[in-house]
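Undergrad: Got a structure here, written out as structure tokens. Questions coming.
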Amino acid sequence: MHRRPPPMLTLTVAAALAWGTAVSYAPLARAQAPSGKIKVGFMLPYTGTYAALGTAIENGFRLYVHEQGGRLGGREVEYFKVDDESDPAKAPENASRLVKRDQVDVVVGTVHSGVQMGIVKVVKETNTLLIIPNAGVDEATGPLCGPNIFRSSFSNWQPGYAMGQVVASRGLKRVVTLTWKYAAGEQSVKGFKEAFESRGGKVVKELSLPFPNVEFQAQITEIASLKPDAVFVFFAGGGAVKFVRDWAAAGLKDKIPLFASGFLTDGTLEAQGAAAQGLETTLHYADGLTNARDKAFRLEYAKAYKLQPDVYAVQGYDAAQLLAAGATAVKGDMTRKADVYKAMEAARVDSPRGAFTLSRAHNPVQDFYLRKVDGRENKVGGVAVRALADPARGCRL
Ligand code: PHB
């Protein structure tokens, strides 16, 4: 899988770097296209609290490519992989490995908002196509937006904003928030607060703990003593499992209404069991959607992986659909970057979540569902906010 580039190309890049000059990748890329394979670089977490999320994204992506006979735009697809460990400190080096060593045509990554910032930096410097299959970091489709940066998932602002509307509509007034202290949690809370406070609510306390800590006792005790009308949280993956169980074990499940963006209960219900029953969340995917696309996707995913898909699998699948839109338009010649970007920008993605288009900043404009946990499902209860577009503050495109 991880073939080295031919020795001559390695030398060219090394020499250019040594001279401190800007490296132009265009000639290298042209030498390979369009006869070779399309190189897809997965930069995802395969270890740590988000490991299952990374795997689901890769599964979804591969499923779509497999359904196209392993080809996009007439060219075979070849995969390269890096485990980013959800570690922001290693992100620039990991992204450079894919872009410079493996010379991928597109980076598909990642899950963690902090790691995403490192990837964005590298793809901006090299004009490499990036498809973000999860991380919501607002900057990527805000002040750092770019012609080569696309997202098949959501901005952190979006699900938080949707839940702020829901909680306000219930007449709940005083809310405490709790998240991991990094962009995903902080920006979710910001979105929540914007919708909630503009509708008469008040966030009375914002609590946090470092990522990926799972010792929630101090914060749970503080919430119990504050006695708010409701709590809004952001957690995901392994940490979400632990939080939901700890919340129930502390006896708060039937005392203080708990709301969250849907990551709290997506891909986690088997492990959360009884502790999660009845939890309400907002997300751009849900169980029990009735569109034909979702039905077919779920069937094929379950057949291929012996697993039920979740939001992460959908985002991976749709990342591949976005790439397909670009690759098809140029008949696989990924060196025609401007044409690839143009086709991706105009794509209407026939997603299992429901069809979506992209905003000016390349972020999905999509419905946010209100879901309620019932058994092992996040059952759809309706649409909380229809066609919600991230405001893309600071994006000049
Ligand atoms: C993020 O870091 O942006 C992130 C991580 C996990 C999620 C959602 C967002 O489930």
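In the structure tokens, chains take the letters A, B, ... in the order shown, each chain's residues start at 1, and ligands count up from 1 in the order shown.
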Would you pick out the contacts of Phe216 (chain A) at 12 Å or less, using only C-alpha atoms, so that residues sharing its chain but fewer than 6 positions from it are not included, and give the list as a PyMOL selection string?
TA: chain A and resi 178-180+207-210+222-223+233+235+239-247+249-250
Undergrad: Just the strand (DSSP E) stuff from region 96-227 of chain A, please, per backbone DSSP, written as a count of residues only.
TA: 25
Undergrad: Extract, using only C-alpha atoms, all DNA, RNA and protein residues at most 6 Å from region 57-74 of chain A, discarding same-chain residues fewer than 5 positions from it, and format them as number ranges by chain.
TA: A: 312-313, 316-317, 320, 324, 327-328, 331-332
Undergrad: To check your reading of the model: which residues sit at most 6 Å from ligand 1 when counting only C-alpha atoms and all ligand atoms? Write the answer as a PyMOL selection string.
TA: chain A and resi 111-113+135-137+184+236+263
Undergrad: Using only C-alpha atoms, which of the listed residues (A:Gln272, A:Gln219, A:Thr177, A:Gln165) sits closest to Ser198 (chain A)?
TA: A:Gln165
Undergrad: Show me, as a tab-separated table, the residues of region 205-281 of chain A having an atom within 8 Å of region 355-374 of chain A, each with the closest atom pair and its distance in Å, using only C-alpha atoms.
TA:
residue	atom	partner	partner_atom	distance
A:Gly262	CA	A:Arg371	CA	7.8
A:Thr265	CA	A:Val373	CA	7.7
A:Ala276	CA	A:Val373	CA	6.6
A:Gln277	CA	A:Val373	CA	5.2
A:Gly278	CA	A:Val373	CA	4.8
A:Leu279	CA	A:Val373	CA	5.3
A:Glu280	CA	A:Lys372	CA	4.5
A:Thr281	CA	A:Arg371	CA	5.4
Undergrad: The selected residues should be written to file as a short mmCIF file (atom, residue, chain, number, x, y, z; two decimals), in the first residue's frame (atoms: N, CA, C and O atoms).
TA:
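The resulting result-v6.cif:
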data_model
loop_
_atom_site.label_atom_id
_atom_site.label_comp_id
_atom_site.auth_asym_id
_atom_site.auth_seq_id
_atom_site.Cartn_x
_atom_site.Cartn_y
_atom_site.Cartn_z
N GLY A 262 -25.74 15.00 18.58
CA GLY A 262 -25.98 13.56 18.46
C GLY A 262 -24.76 12.66 18.56
O GLY A 262 -24.90 11.44 18.65
N THR A 265 -24.54 9.91 21.32
CA THR A 265 -25.22 8.61 21.29
C THR A 265 -25.10 7.91 19.93
O THR A 265 -25.81 6.95 19.68
N ALA A 276 -28.55 5.21 28.34
CA ALA A 276 -28.81 6.16 27.25
C ALA A 276 -30.28 6.28 26.89
O ALA A 276 -30.65 7.20 26.15
N GLN A 277 -31.10 5.38 27.41
CA GLN A 277 -32.49 5.34 26.94
C GLN A 277 -33.20 6.68 27.16
O GLN A 277 -33.12 7.27 28.24
N GLY A 278 -33.88 7.14 26.11
CA GLY A 278 -34.66 8.37 26.22
C GLY A 278 -33.89 9.65 25.95
O GLY A 278 -34.49 10.73 25.86
N LEU A 279 -32.56 9.57 25.78
CA LEU A 279 -31.78 10.80 25.56
C LEU A 279 -32.14 11.43 24.22
O LEU A 279 -32.27 10.75 23.21
N GLU A 280 -32.27 12.76 24.22
CA GLU A 280 -32.62 13.49 23.00
C GLU A 280 -31.42 14.29 22.50
O GLU A 280 -30.77 14.99 23.28
N THR A 281 -31.16 14.17 21.22
CA THR A 281 -30.01 14.86 20.61
C THR A 281 -30.40 15.40 19.24
O THR A 281 -31.41 15.00 18.67
#
Undergrad: Using only C-alpha atoms, find the one residue out of A:Gly381, A:Pro159, A:Gly238, A:Gly36 that sits nearest to Met334 (chain A).
TA: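 Result for the nearest residue to Met334 (chain A): A:Gly36.
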Undergrad: For the atom pair CA of Met43 (chain A) and CA of Ala89 (chain A), what is the interatomic distance in Å to one decimal place?
TA: 14.1 Å
Undergrad: Could you please determine the separation between CA of Thr290 (chain A) and CA of Glu377 (chain A) in Å, to one decimal place?
TA: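 One can read the CA of Thr290 (chain A) to CA of Glu377 (chain A) distance as 14.4 Å.
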Undergrad: So which residues touch Asp390 (chain A) within 7 Å, counting only C-alpha atoms, skipping near sequence neighbours fewer than 6 positions away, as a list of chain:residue names?
TA: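 Close residues of Asp390 (chain A): A:Ser155, A:Trp157, A:Gln158.
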Undergrad: The selected residues should be written to file as a PDB file, in the first residue's frame (atoms: C-alpha atoms).
TA:
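out_38.pdb, freshly written:
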ATOM      1  CA  SER A 155     -19.490  22.590  11.345  1.00  0.00           C
ATOM      2  CA  TRP A 157     -21.715  25.399  15.224  1.00  0.00           C
ATOM      3  CA  GLN A 158     -24.483  23.494  13.392  1.00  0.00           C
TER       4      GLN A 158
END
Undergrad: Using DSSP secondary structure from the backbone, list all helix (DSSP H, G or I) positions within region 216-271 of chain A, as a list in words.
TA: Gln217, Ala218, Gln219, Ile220, Thr221, Glu222, Ile223, Ala224, Ser225, Leu226, Gly237, Gly238, Gly239, Ala240, Val241, Lys242, Phe243, Val244, Arg245, Asp246, Trp247, Ala248, Ala249, Gly262, Phe263, Leu264, Leu269, Glu270 and Ala271 of chain A
Undergrad: Output the selection as a JSON list (two decimals), in the first residue's frame - N, CA, C and O atoms for each residue.
TA:
[["chain", "number", "residue", "atom", "x", "y", "z"],
["A", 217, "GLN", "N", -16.37, 13.05, 37.53],
["A", 217, "GLN", "CA", -17.04, 13.15, 38.83],
["A", 217, "GLN", "C", -17.16, 14.58, 39.36],
["A", 217, "GLN", "O", -18.22, 14.99, 39.83],
["A", 218, "ALA", "N", -16.08, 15.33, 39.28],
["A", 218, "ALA", "CA", -16.08, 16.70, 39.83],
["A", 218, "ALA", "C", -17.14, 17.55, 39.13],
["A", 218, "ALA", "O", -17.91, 18.29, 39.78],
["A", 219, "GLN", "N", -17.22, 17.43, 37.80],
["A", 219, "GLN", "CA", -18.17, 18.25, 37.03],
["A", 219, "GLN", "C", -19.61, 17.79, 37.30],
["A", 219, "GLN", "O", -20.52, 18.61, 37.41],
["A", 220, "ILE", "N", -19.81, 16.48, 37.44],
["A", 220, "ILE", "CA", -21.15, 15.96, 37.70],
["A", 220, "ILE", "C", -21.63, 16.43, 39.08],
["A", 220, "ILE", "O", -22.79, 16.85, 39.25],
["A", 221, "THR", "N", -20.73, 16.42, 40.03],
["A", 221, "THR", "CA", -21.07, 16.90, 41.38],
["A", 221, "THR", "C", -21.44, 18.38, 41.35],
["A", 221, "THR", "O", -22.42, 18.82, 41.98],
["A", 222, "GLU", "N", -20.67, 19.16, 40.59],
["A", 222, "GLU", "CA", -20.96, 20.59, 40.51],
["A", 222, "GLU", "C", -22.32, 20.85, 39.85],
["A", 222, "GLU", "O", -23.09, 21.70, 40.30],
["A", 223, "ILE", "N", -22.62, 20.09, 38.81],
["A", 223, "ILE", "CA", -23.91, 20.27, 38.13],
["A", 223, "ILE", "C", -25.06, 19.94, 39.10],
["A", 223, "ILE", "O", -26.06, 20.66, 39.16],
["A", 224, "ALA", "N", -24.88, 18.87, 39.86],
["A", 224, "ALA", "CA", -25.94, 18.47, 40.81],
["A", 224, "ALA", "C", -26.21, 19.60, 41.80],
["A", 224, "ALA", "O", -27.36, 19.86, 42.17],
["A", 225, "SER", "N", -25.14, 20.30, 42.21],
["A", 225, "SER", "CA", -25.34, 21.36, 43.20],
["A", 225, "SER", "C", -25.89, 22.64, 42.55],
["A", 225, "SER", "O", -26.55, 23.44, 43.20],
["A", 226, "LEU", "N", -25.64, 22.84, 41.26],
["A", 226, "LEU", "CA", -26.16, 24.04, 40.57],
["A", 226, "LEU", "C", -27.64, 23.90, 40.23],
["A", 226, "LEU", "O", -28.33, 24.92, 40.01],
["A", 237, "GLY", "N", -17.53, 9.23, 20.90],
["A", 237, "GLY", "CA", -16.67, 8.04, 20.95],
["A", 237, "GLY", "C", -16.64, 7.39, 22.32],
["A", 237, "GLY", "O", -17.63, 7.37, 23.06],
["A", 238, "GLY", "N", -15.46, 6.88, 22.70],
["A", 238, "GLY", "CA", -15.30, 6.17, 23.97],
["A", 238, "GLY", "C", -15.66, 7.04, 25.16],
["A", 238, "GLY", "O", -16.27, 6.58, 26.13],
["A", 239, "GLY", "N", -15.31, 8.31, 25.11],
["A", 239, "GLY", "CA", -15.61, 9.24, 26.21],
["A", 239, "GLY", "C", -17.10, 9.44, 26.39],
["A", 239, "GLY", "O", -17.59, 9.60, 27.53],
["A", 240, "ALA", "N", -17.86, 9.41, 25.29],
["A", 240, "ALA", "CA", -19.32, 9.58, 25.36],
["A", 240, "ALA", "C", -19.96, 8.39, 26.07],
["A", 240, "ALA", "O", -20.91, 8.56, 26.84],
["A", 241, "VAL", "N", -19.43, 7.22, 25.82],
["A", 241, "VAL", "CA", -19.95, 6.01, 26.48],
["A", 241, "VAL", "C", -19.79, 6.17, 28.00],
["A", 241, "VAL", "O", -20.73, 6.00, 28.77],
["A", 242, "LYS", "N", -18.59, 6.56, 28.40],
["A", 242, "LYS", "CA", -18.30, 6.68, 29.84],
["A", 242, "LYS", "C", -19.15, 7.78, 30.47],
["A", 242, "LYS", "O", -19.69, 7.62, 31.57],
["A", 243, "PHE", "N", -19.30, 8.93, 29.79],
["A", 243, "PHE", "CA", -20.06, 10.02, 30.38],
["A", 243, "PHE", "C", -21.52, 9.63, 30.62],
["A", 243, "PHE", "O", -22.07, 9.88, 31.70],
["A", 244, "VAL", "N", -22.15, 9.04, 29.62],
["A", 244, "VAL", "CA", -23.57, 8.70, 29.74],
["A", 244, "VAL", "C", -23.78, 7.69, 30.87],
["A", 244, "VAL", "O", -24.75, 7.78, 31.64],
["A", 245, "ARG", "N", -22.87, 6.77, 31.01],
["A", 245, "ARG", "CA", -22.98, 5.78, 32.10],
["A", 245, "ARG", "C", -22.77, 6.45, 33.46],
["A", 245, "ARG", "O", -23.48, 6.15, 34.43],
["A", 246, "ASP", "N", -21.80, 7.34, 33.55],
["A", 246, "ASP", "CA", -21.51, 8.03, 34.82],
["A", 246, "ASP", "C", -22.69, 8.92, 35.23],
["A", 246, "ASP", "O", -23.03, 9.03, 36.41],
["A", 247, "TRP", "N", -23.29, 9.59, 34.24],
["A", 247, "TRP", "CA", -24.42, 10.49, 34.49],
["A", 247, "TRP", "C", -25.59, 9.70, 35.11],
["A", 247, "TRP", "O", -26.19, 10.13, 36.10],
["A", 248, "ALA", "N", -25.86, 8.55, 34.54],
["A", 248, "ALA", "CA", -26.95, 7.71, 35.06],
["A", 248, "ALA", "C", -26.59, 7.15, 36.44],
["A", 248, "ALA", "O", -27.42, 7.16, 37.36],
["A", 249, "ALA", "N", -25.33, 6.71, 36.57],
["A", 249, "ALA", "CA", -24.90, 6.12, 37.85],
["A", 249, "ALA", "C", -24.96, 7.14, 38.98],
["A", 249, "ALA", "O", -25.18, 6.80, 40.14],
["A", 262, "GLY", "N", -25.74, 15.00, 18.58],
["A", 262, "GLY", "CA", -25.98, 13.56, 18.46],
["A", 262, "GLY", "C", -24.76, 12.66, 18.56],
["A", 262, "GLY", "O", -24.90, 11.44, 18.65],
["A", 263, "PHE", "N", -23.57, 13.25, 18.58],
["A", 263, "PHE", "CA", -22.36, 12.43, 18.71],
["A", 263, "PHE", "C", -22.34, 11.68, 20.03],
["A", 263, "PHE", "O", -21.69, 10.66, 20.17],
["A", 264, "LEU", "N", -23.07, 12.21, 21.02],
["A", 264, "LEU", "CA", -23.09, 11.57, 22.34],
["A", 264, "LEU", "C", -23.64, 10.15, 22.26],
["A", 264, "LEU", "O", -23.25, 9.28, 23.05],
["A", 269, "LEU", "N", -24.45, 3.22, 21.36],
["A", 269, "LEU", "CA", -25.61, 2.77, 22.15],
["A", 269, "LEU", "C", -25.45, 1.36, 22.70],
["A", 269, "LEU", "O", -25.94, 1.07, 23.81],
["A", 270, "GLU", "N", -24.77, 0.52, 21.96],
["A", 270, "GLU", "CA", -24.57, -0.84, 22.45],
["A", 270, "GLU", "C", -23.85, -0.81, 23.79],
["A", 270, "GLU", "O", -24.20, -1.51, 24.73],
["A", 271, "ALA", "N", -22.84, 0.03, 23.90],
["A", 271, "ALA", "CA", -22.04, 0.11, 25.12],
["A", 271, "ALA", "C", -22.74, 0.95, 26.20],
["A", 271, "ALA", "O", -22.48, 0.75, 27.39]]
Undergrad: Tell me which protein, DNA and RNA residues are within 8 Å of Val115 (chain A), counting only C-alpha atoms, leaving out same-chain ones fewer than 5 positions away, and put them as an MDAnalysis selection string.
TA: chainID A and resid 84 86:91 110
Undergrad: Could those residues be written to a file, using N, CA and C atoms, as an mmCIF file, in the first residue's frame?
TA:
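Contents of the output file result.cif:
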data_model
loop_
_atom_site.group_PDB
_atom_site.id
_atom_site.type_symbol
_atom_site.label_atom_id
_atom_site.label_comp_id
_atom_site.auth_asym_id
_atom_site.auth_seq_id
_atom_site.Cartn_x
_atom_site.Cartn_y
_atom_site.Cartn_z
ATOM 1 N N ASP A 84 -3.785 9.199 12.912
ATOM 2 C CA ASP A 84 -3.430 10.515 13.474
ATOM 3 C C ASP A 84 -3.528 10.558 14.995
ATOM 4 N N SER A 86 -5.601 11.238 17.018
ATOM 5 C CA SER A 86 -6.275 12.426 17.572
ATOM 6 C C SER A 86 -5.287 13.308 18.333
ATOM 7 N N ASP A 87 -4.054 13.382 17.808
ATOM 8 C CA ASP A 87 -3.005 14.168 18.464
ATOM 9 C C ASP A 87 -2.636 15.379 17.600
ATOM 10 N N PRO A 88 -3.094 16.569 17.989
ATOM 11 C CA PRO A 88 -2.824 17.768 17.183
ATOM 12 C C PRO A 88 -1.336 18.037 16.978
ATOM 13 N N ALA A 89 -0.500 17.670 17.955
ATOM 14 C CA ALA A 89 0.930 17.969 17.848
ATOM 15 C C ALA A 89 1.570 17.229 16.672
ATOM 16 N N LYS A 90 1.022 16.067 16.334
ATOM 17 C CA LYS A 90 1.622 15.273 15.254
ATOM 18 C C LYS A 90 0.977 15.536 13.893
ATOM 19 N N ALA A 91 -0.024 16.426 13.875
ATOM 20 C CA ALA A 91 -0.856 16.558 12.669
ATOM 21 C C ALA A 91 -0.098 17.065 11.430
ATOM 22 N N THR A 110 -10.112 14.831 9.016
ATOM 23 C CA THR A 110 -10.084 13.770 10.000
ATOM 24 C C THR A 110 -11.285 13.862 10.919
#
Undergrad: For a quick check of understanding, using only C-alpha atoms, which of A:Phe234, A:Gln315, A:Arg199, A:Leu258 has the smallest distance to Gly109 (chain A)?
TA: A:Gln315
Undergrad: When you look at Glu85 (chain A) with a cut-off of 7 Å (counting only C-alpha atoms), what residues show up, excluding the ones that are within fewer than 3 positions of it in the same chain? I need them as a PDB file with C-alpha atoms, in the first residue's frame.
TA:
ATOM      1  CA  PRO A  45      -7.757   8.131  14.239  1.00  0.00           C
ATOM      2  CA  TYR A  46      -7.319   4.366  14.392  1.00  0.00           C
ATOM      3  CA  THR A  47      -6.384   4.364  18.086  1.00  0.00           C
ATOM      4  CA  GLY A  48      -7.715   6.220  21.151  1.00  0.00           C
TER       5      GLY A  48
END
Undergrad: With only C-alpha atoms as the basis for distance, which of A:Ala168, A:Met163, A:Val189, A:Ala338 is at the shortest distance from His284 (chain A)?
TA: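 Checking each of A:Ala168, A:Met163, A:Val189, A:Ala338 against His284 (chain A), counting only C-alpha atoms, the winner is A:Met163.
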Undergrad: Measure the distance from CA of Gln308 (chain A) to CA of Ala56 (chain A) in Å and round it to one decimal.
TA: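 Those two atoms sit 9.8 Å apart.
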Undergrad: Find the spatial neighbours of Asn148 (chain A), counting only C-alpha atoms, within a cut-off of 9 Å - ignore same-chain residues fewer than 6 positions away - and output them as an mmCIF file with C-alpha atoms, in the first residue's frame.
TA:
data_model
loop_
_atom_site.group_PDB
_atom_site.id
_atom_site.type_symbol
_atom_site.label_atom_id
_atom_site.label_comp_id
_atom_site.auth_asym_id
_atom_site.auth_seq_id
_atom_site.Cartn_x
_atom_site.Cartn_y
_atom_site.Cartn_z
ATOM 1 C CA VAL A 123 -3.200 21.390 2.236
ATOM 2 C CA LYS A 124 -3.321 25.169 1.979
ATOM 3 C CA ASN A 127 -3.039 23.250 -2.842
ATOM 4 C CA THR A 128 -3.961 19.631 -2.123
ATOM 5 C CA LEU A 129 -7.610 18.628 -2.239
ATOM 6 C CA LEU A 130 -9.008 18.019 1.241
ATOM 7 C CA ILE A 131 -12.310 16.391 2.154
ATOM 8 C CA LYS A 337 -7.723 21.107 -9.980
ATOM 9 C CA ALA A 338 -9.906 24.118 -10.764
ATOM 10 C CA TYR A 341 -13.211 21.983 -7.320
#
